[in-house]
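structure_39.cif, holding mmCIF, C-alpha atoms:
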```
data_start
#
loop_
_atom_site.group_PDB
_atom_site.id
_atom_site.type_symbol
_atom_site.label_atom_id
_atom_site.label_comp_id
_atom_site.auth_asym_id
_atom_site.auth_seq_id
_atom_site.Cartn_x
_atom_site.Cartn_y
_atom_site.Cartn_z
ATOM 1 C CA MET R 1 0.000 0.000 0.000
ATOM 2 C CA LYS R 2 1.160 3.496 -0.731
ATOM 3 C CA ASN R 3 -0.917 6.456 0.444
ATOM 4 C CA ALA R 4 -3.779 4.014 1.203
ATOM 5 C CA THR R 5 -3.699 2.756 -2.401
ATOM 6 C CA PRO R 6 -2.823 -0.881 -3.173
ATOM 7 C CA ILE R 7 0.287 -1.315 -5.314
ATOM 8 C CA GLU R 8 1.712 -4.327 -7.145
ATOM 9 C CA PRO R 9 3.964 -6.631 -5.117
ATOM 10 C CA LEU R 10 7.696 -6.474 -5.741
ATOM 11 C CA ALA R 11 9.409 -8.944 -8.029
ATOM 12 C CA VAL R 12 10.742 -12.033 -6.287
ATOM 13 C CA GLU R 13 14.264 -11.054 -7.356
ATOM 14 C CA ALA R 14 13.971 -7.765 -5.440
ATOM 15 C CA VAL R 15 13.345 -9.485 -2.091
ATOM 16 C CA VAL R 16 15.972 -11.423 -0.107
ATOM 17 C CA VAL R 17 14.930 -13.121 3.131
ATOM 18 C CA GLN R 18 17.483 -14.669 5.481
ATOM 19 C CA ALA R 19 17.062 -16.754 8.628
ATOM 20 C CA ILE R 20 19.539 -15.578 11.269
ATOM 21 C CA GLY R 21 20.657 -17.881 14.094
ATOM 22 C CA PRO R 22 21.540 -16.788 17.633
ATOM 23 C CA LYS R 23 25.241 -16.633 16.766
ATOM 24 C CA ALA R 24 25.256 -14.968 13.368
ATOM 25 C CA GLU R 25 29.010 -14.528 13.600
ATOM 26 C CA ASP R 26 29.275 -18.362 13.387
ATOM 27 C CA TYR R 27 27.781 -18.357 9.883
ATOM 28 C CA GLN R 28 24.256 -19.112 11.070
ATOM 29 C CA ILE R 29 22.731 -17.129 8.213
ATOM 30 C CA ARG R 30 20.600 -18.924 5.620
ATOM 31 C CA ASN R 31 19.016 -17.487 2.498
ATOM 32 C CA LEU R 32 15.419 -18.630 2.223
ATOM 33 C CA LYS R 33 13.551 -19.419 -0.989
ATOM 34 C CA THR R 34 11.168 -16.648 -2.066
ATOM 35 C CA GLU R 35 8.387 -17.301 -4.563
ATOM 36 C CA ASN R 36 5.316 -15.601 -5.947
ATOM 37 C CA PRO R 37 2.128 -17.702 -5.606
ATOM 38 C CA GLY R 38 0.594 -15.855 -8.554
ATOM 39 C CA ASN R 39 -2.198 -14.061 -6.712
ATOM 40 C CA GLY R 40 -0.554 -10.649 -7.113
ATOM 41 C CA LYS R 41 -0.761 -9.868 -3.395
ATOM 42 C CA THR R 42 1.808 -11.917 -1.507
ATOM 43 C CA LEU R 43 5.244 -13.497 -1.591
ATOM 44 C CA ILE R 44 5.918 -16.850 0.067
ATOM 45 C CA VAL R 45 9.185 -17.597 1.864
ATOM 46 C CA GLU R 46 10.279 -21.100 2.773
ATOM 47 C CA GLY R 47 13.321 -22.815 4.230
ATOM 48 C CA LYS R 48 14.891 -24.101 7.431
ATOM 49 C CA ILE R 49 14.234 -21.714 10.330
ATOM 50 C CA LYS R 50 14.110 -24.035 13.348
ATOM 51 C CA ASP R 51 17.215 -22.594 15.002
ATOM 52 C CA ALA R 52 16.702 -19.015 13.760
ATOM 53 C CA VAL R 53 15.867 -16.192 16.140
ATOM 54 C CA TYR R 54 14.918 -13.614 13.522
ATOM 55 C CA ALA R 55 14.476 -13.088 9.810
ATOM 56 C CA ARG R 56 16.128 -10.296 7.879
ATOM 57 C CA ILE R 57 14.200 -8.986 4.885
ATOM 58 C CA SER R 58 16.079 -6.920 2.284
ATOM 59 C CA ILE R 59 14.116 -5.156 -0.447
ATOM 60 C CA ALA R 60 15.878 -3.541 -3.409
ATOM 61 C CA LYS R 61 13.825 -0.826 -5.078
ATOM 62 C CA ASP R 62 14.510 2.374 -7.016
ATOM 63 C CA GLY R 63 18.293 1.999 -6.729
ATOM 64 C CA GLY R 64 18.234 1.670 -2.934
ATOM 65 C CA GLU R 65 17.740 -1.025 -0.334
ATOM 66 C CA VAL R 66 15.493 -1.286 2.704
ATOM 67 C CA VAL R 67 16.324 -3.831 5.421
ATOM 68 C CA ARG R 68 13.995 -4.912 8.221
ATOM 69 C CA SER R 69 14.239 -7.651 10.830
ATOM 70 C CA ILE R 70 11.407 -9.568 12.473
ATOM 71 C CA PRO R 71 11.593 -12.034 15.374
ATOM 72 C CA ILE R 72 10.748 -15.687 14.748
ATOM 73 C CA PHE R 73 8.600 -17.476 17.318
ATOM 74 C CA LEU R 74 8.167 -21.184 16.683
ATOM 75 C CA ALA R 75 4.845 -22.866 17.453
ATOM 76 C CA ASN R 76 5.507 -26.111 19.348
#
```
In C-alpha cells, what does this structure look like?
Amino acid sequence: MKNATPIEPLAVEAVVVQAIGPKAEDYQIRNLKTENPGNGKTLIVEGKIKDAVYARISIAKDGGEVVRSIPIFLAN
C-alpha cells in the first residue's frame, strides 16, 4: 500500500529473506527461498528456520535497499 492505495507486489528477485541464528558470527545465516504464488498480493518464503531467532528482509527498489528484521517465534 502506498498512500492508502494498493500497489503491485515487488518482483521475487527484489526481495531477499534470510534466517539468522543466535550466533550470526558463526555463519548461522541462511538465504530462504522466495516465490510468488501468482495471486498478485503476496510473496511466500520457505526454508529451514528451526534454530533461527529472527528473519532479515532486504528489499531492493529504485536503486536503494530497505532492510527490516522480524523475530521468529516457533509454534511447538
Fewer than 5 positions away in the same chain doesn't count, so skip those; otherwise give me all residues within 12 Å of Ile44 in chain R, counting all atoms listed in the file, as a short mmCIF file (atom, residue, chain, number, x, y, z; two decimals) with C-alpha atoms, keeping the file's coordinate frame.
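Produced file result-v9.cif, reproduced below:
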```
data_model
loop_
_atom_site.label_atom_id
_atom_site.label_comp_id
_atom_site.auth_asym_id
_atom_site.auth_seq_id
_atom_site.Cartn_x
_atom_site.Cartn_y
_atom_site.Cartn_z
CA PRO R 9 3.96 -6.63 -5.12
CA ALA R 11 9.41 -8.94 -8.03
CA VAL R 12 10.74 -12.03 -6.29
CA VAL R 15 13.34 -9.48 -2.09
CA VAL R 16 15.97 -11.42 -0.11
CA VAL R 17 14.93 -13.12 3.13
CA LEU R 32 15.42 -18.63 2.22
CA LYS R 33 13.55 -19.42 -0.99
CA THR R 34 11.17 -16.65 -2.07
CA GLU R 35 8.39 -17.30 -4.56
CA ASN R 36 5.32 -15.60 -5.95
CA PRO R 37 2.13 -17.70 -5.61
CA GLY R 38 0.59 -15.86 -8.55
CA ASN R 39 -2.20 -14.06 -6.71
#
```
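The space between CA of Ala75 in chain R and CA of Lys48 in chain R spans 14.2 Å.
Note that the spacing between CA of Ala19 in chain R and CA of Pro6 in chain R amounts to 28.0 Å.
With distances restricted to only C-alpha atoms, R:Ile20 is the closest residue to Tyr54 in chain R from R:Leu74, R:Ile20, R:Asn31, R:Val66.
In terms of minimum interatomic distance to Gly21 in chain R, R:Lys50 ranks closest within R:Ile7, R:Thr42, R:Phe73, R:Lys50, counting all atoms listed in the file.
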Padding 3 Å on each side, edges along x, y and z: where is the centre of the box around the listed atoms of range 6-13 of chain R, and how long are its edges in Å to one decimal? Output it as JSON.
```
{"center_x": 5.7, "center_y": -6.5, "center_z": -5.6, "size_x": 23.1, "size_y": 17.2, "size_z": 10.9}
```
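Applied to this file, the PyMOL selection byres ((chain R and resi 71) around 9) selects Ala52, Val53, Tyr54, Ala55, Arg56, Ser69, Ile70, Ile72 and Phe73 of chain R.
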Can you tell me, as a ChimeraX atom specification, what residues are no more than 12 Å from Glu65 in chain R when counting all atoms listed in the file, ignoring any on the same chain fewer than 5 positions away? /R:14-16,57-60
Give me, please, the distance in Å between CA of Lys61 in chain R and CA of Ala4 in chain R, quoted to one decimal.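 These atoms are spaced 19.3 Å apart.
In terms of minimum interatomic distance to Val67 in chain R, R:Gln18 ranks closest within R:Ile29, R:Lys23, R:Gln18, R:Gly47, counting only C-alpha atoms.
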Write range 62-73 of chain R as a tab-separated table (two decimals), in the frame of the given file, completed to all heavy atoms.
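Done, and the output landed in selection_28.tsv:
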```
chain	number	residue	atom	x	y	z
R	62	ASP	N	14.14	1.02	-6.60
R	62	ASP	CA	14.51	2.37	-7.02
R	62	ASP	C	15.97	2.71	-6.72
R	62	ASP	O	16.29	3.81	-6.27
R	62	ASP	CB	13.58	3.41	-6.36
R	62	ASP	CG	12.13	3.20	-6.74
R	62	ASP	OD1	11.88	2.71	-7.86
R	62	ASP	OD2	11.26	3.53	-5.91
R	63	GLY	N	16.87	1.75	-6.92
R	63	GLY	CA	18.29	2.00	-6.73
R	63	GLY	C	18.75	1.99	-5.28
R	63	GLY	O	19.91	2.23	-5.00
R	64	GLY	N	17.87	1.71	-4.35
R	64	GLY	CA	18.23	1.67	-2.93
R	64	GLY	C	17.85	0.33	-2.33
R	64	GLY	O	17.36	-0.57	-3.01
R	65	GLU	N	18.07	0.20	-1.04
R	65	GLU	CA	17.74	-1.02	-0.33
R	65	GLU	C	17.16	-0.69	1.03
R	65	GLU	O	17.64	0.19	1.73
R	65	GLU	CB	18.99	-1.89	-0.17
R	65	GLU	CG	18.73	-3.21	0.51
R	65	GLU	CD	19.98	-4.06	0.61
R	65	GLU	OE1	21.05	-3.51	0.92
R	65	GLU	OE2	19.87	-5.27	0.40
R	66	VAL	N	16.12	-1.42	1.39
R	66	VAL	CA	15.49	-1.29	2.70
R	66	VAL	C	15.66	-2.62	3.41
R	66	VAL	O	15.40	-3.68	2.82
R	66	VAL	CB	13.99	-0.94	2.58
R	66	VAL	CG1	13.33	-0.89	3.95
R	66	VAL	CG2	13.81	0.38	1.85
R	67	VAL	N	16.11	-2.60	4.67
R	67	VAL	CA	16.32	-3.83	5.42
R	67	VAL	C	15.53	-3.75	6.72
R	67	VAL	O	15.59	-2.75	7.44
R	67	VAL	CB	17.83	-4.04	5.74
R	67	VAL	CG1	18.03	-5.30	6.56
R	67	VAL	CG2	18.64	-4.08	4.47
R	68	ARG	N	14.78	-4.82	6.99
R	68	ARG	CA	14.00	-4.91	8.22
R	68	ARG	C	14.23	-6.28	8.83
R	68	ARG	O	14.49	-7.25	8.12
R	68	ARG	CB	12.49	-4.74	7.95
R	68	ARG	CG	12.10	-3.39	7.41
R	68	ARG	CD	12.23	-2.31	8.49
R	68	ARG	NE	11.75	-1.04	8.04
R	68	ARG	CZ	12.49	-0.08	7.52
R	68	ARG	NH1	13.77	-0.27	7.36
R	68	ARG	NH2	11.97	1.06	7.15
R	69	SER	N	14.11	-6.37	10.14
R	69	SER	CA	14.24	-7.65	10.83
R	69	SER	C	12.98	-7.91	11.64
R	69	SER	O	12.39	-6.98	12.19
R	69	SER	CB	15.44	-7.63	11.78
R	69	SER	OG	16.62	-7.47	11.05
R	70	ILE	N	12.58	-9.18	11.67
R	70	ILE	CA	11.41	-9.57	12.47
R	70	ILE	C	11.79	-10.79	13.31
R	70	ILE	O	12.52	-11.65	12.85
R	70	ILE	CB	10.18	-9.88	11.59
R	70	ILE	CG1	10.50	-10.97	10.57
R	70	ILE	CG2	9.68	-8.63	10.88
R	70	ILE	CD1	9.30	-11.47	9.80
R	71	PRO	N	11.30	-10.87	14.55
R	71	PRO	CA	11.59	-12.03	15.37
R	71	PRO	C	10.83	-13.25	14.87
R	71	PRO	O	9.76	-13.13	14.26
R	71	PRO	CB	11.11	-11.62	16.77
R	71	PRO	CG	10.10	-10.57	16.53
R	71	PRO	CD	10.49	-9.87	15.25
R	72	ILE	N	11.40	-14.43	15.11
R	72	ILE	CA	10.75	-15.69	14.75
R	72	ILE	C	10.37	-16.40	16.04
R	72	ILE	O	11.21	-16.63	16.91
R	72	ILE	CB	11.68	-16.58	13.91
R	72	ILE	CG1	11.95	-15.93	12.58
R	72	ILE	CG2	11.07	-17.97	13.73
R	72	ILE	CD1	12.94	-16.69	11.70
R	73	PHE	N	9.10	-16.71	16.17
R	73	PHE	CA	8.60	-17.48	17.32
R	73	PHE	C	8.04	-18.77	16.78
R	73	PHE	O	7.10	-18.77	15.97
R	73	PHE	CB	7.49	-16.71	18.06
R	73	PHE	CG	7.96	-15.40	18.60
R	73	PHE	CD1	7.67	-14.21	17.94
R	73	PHE	CD2	8.70	-15.33	19.76
R	73	PHE	CE1	8.10	-13.00	18.43
R	73	PHE	CE2	9.13	-14.11	20.26
R	73	PHE	CZ	8.83	-12.95	19.60
```
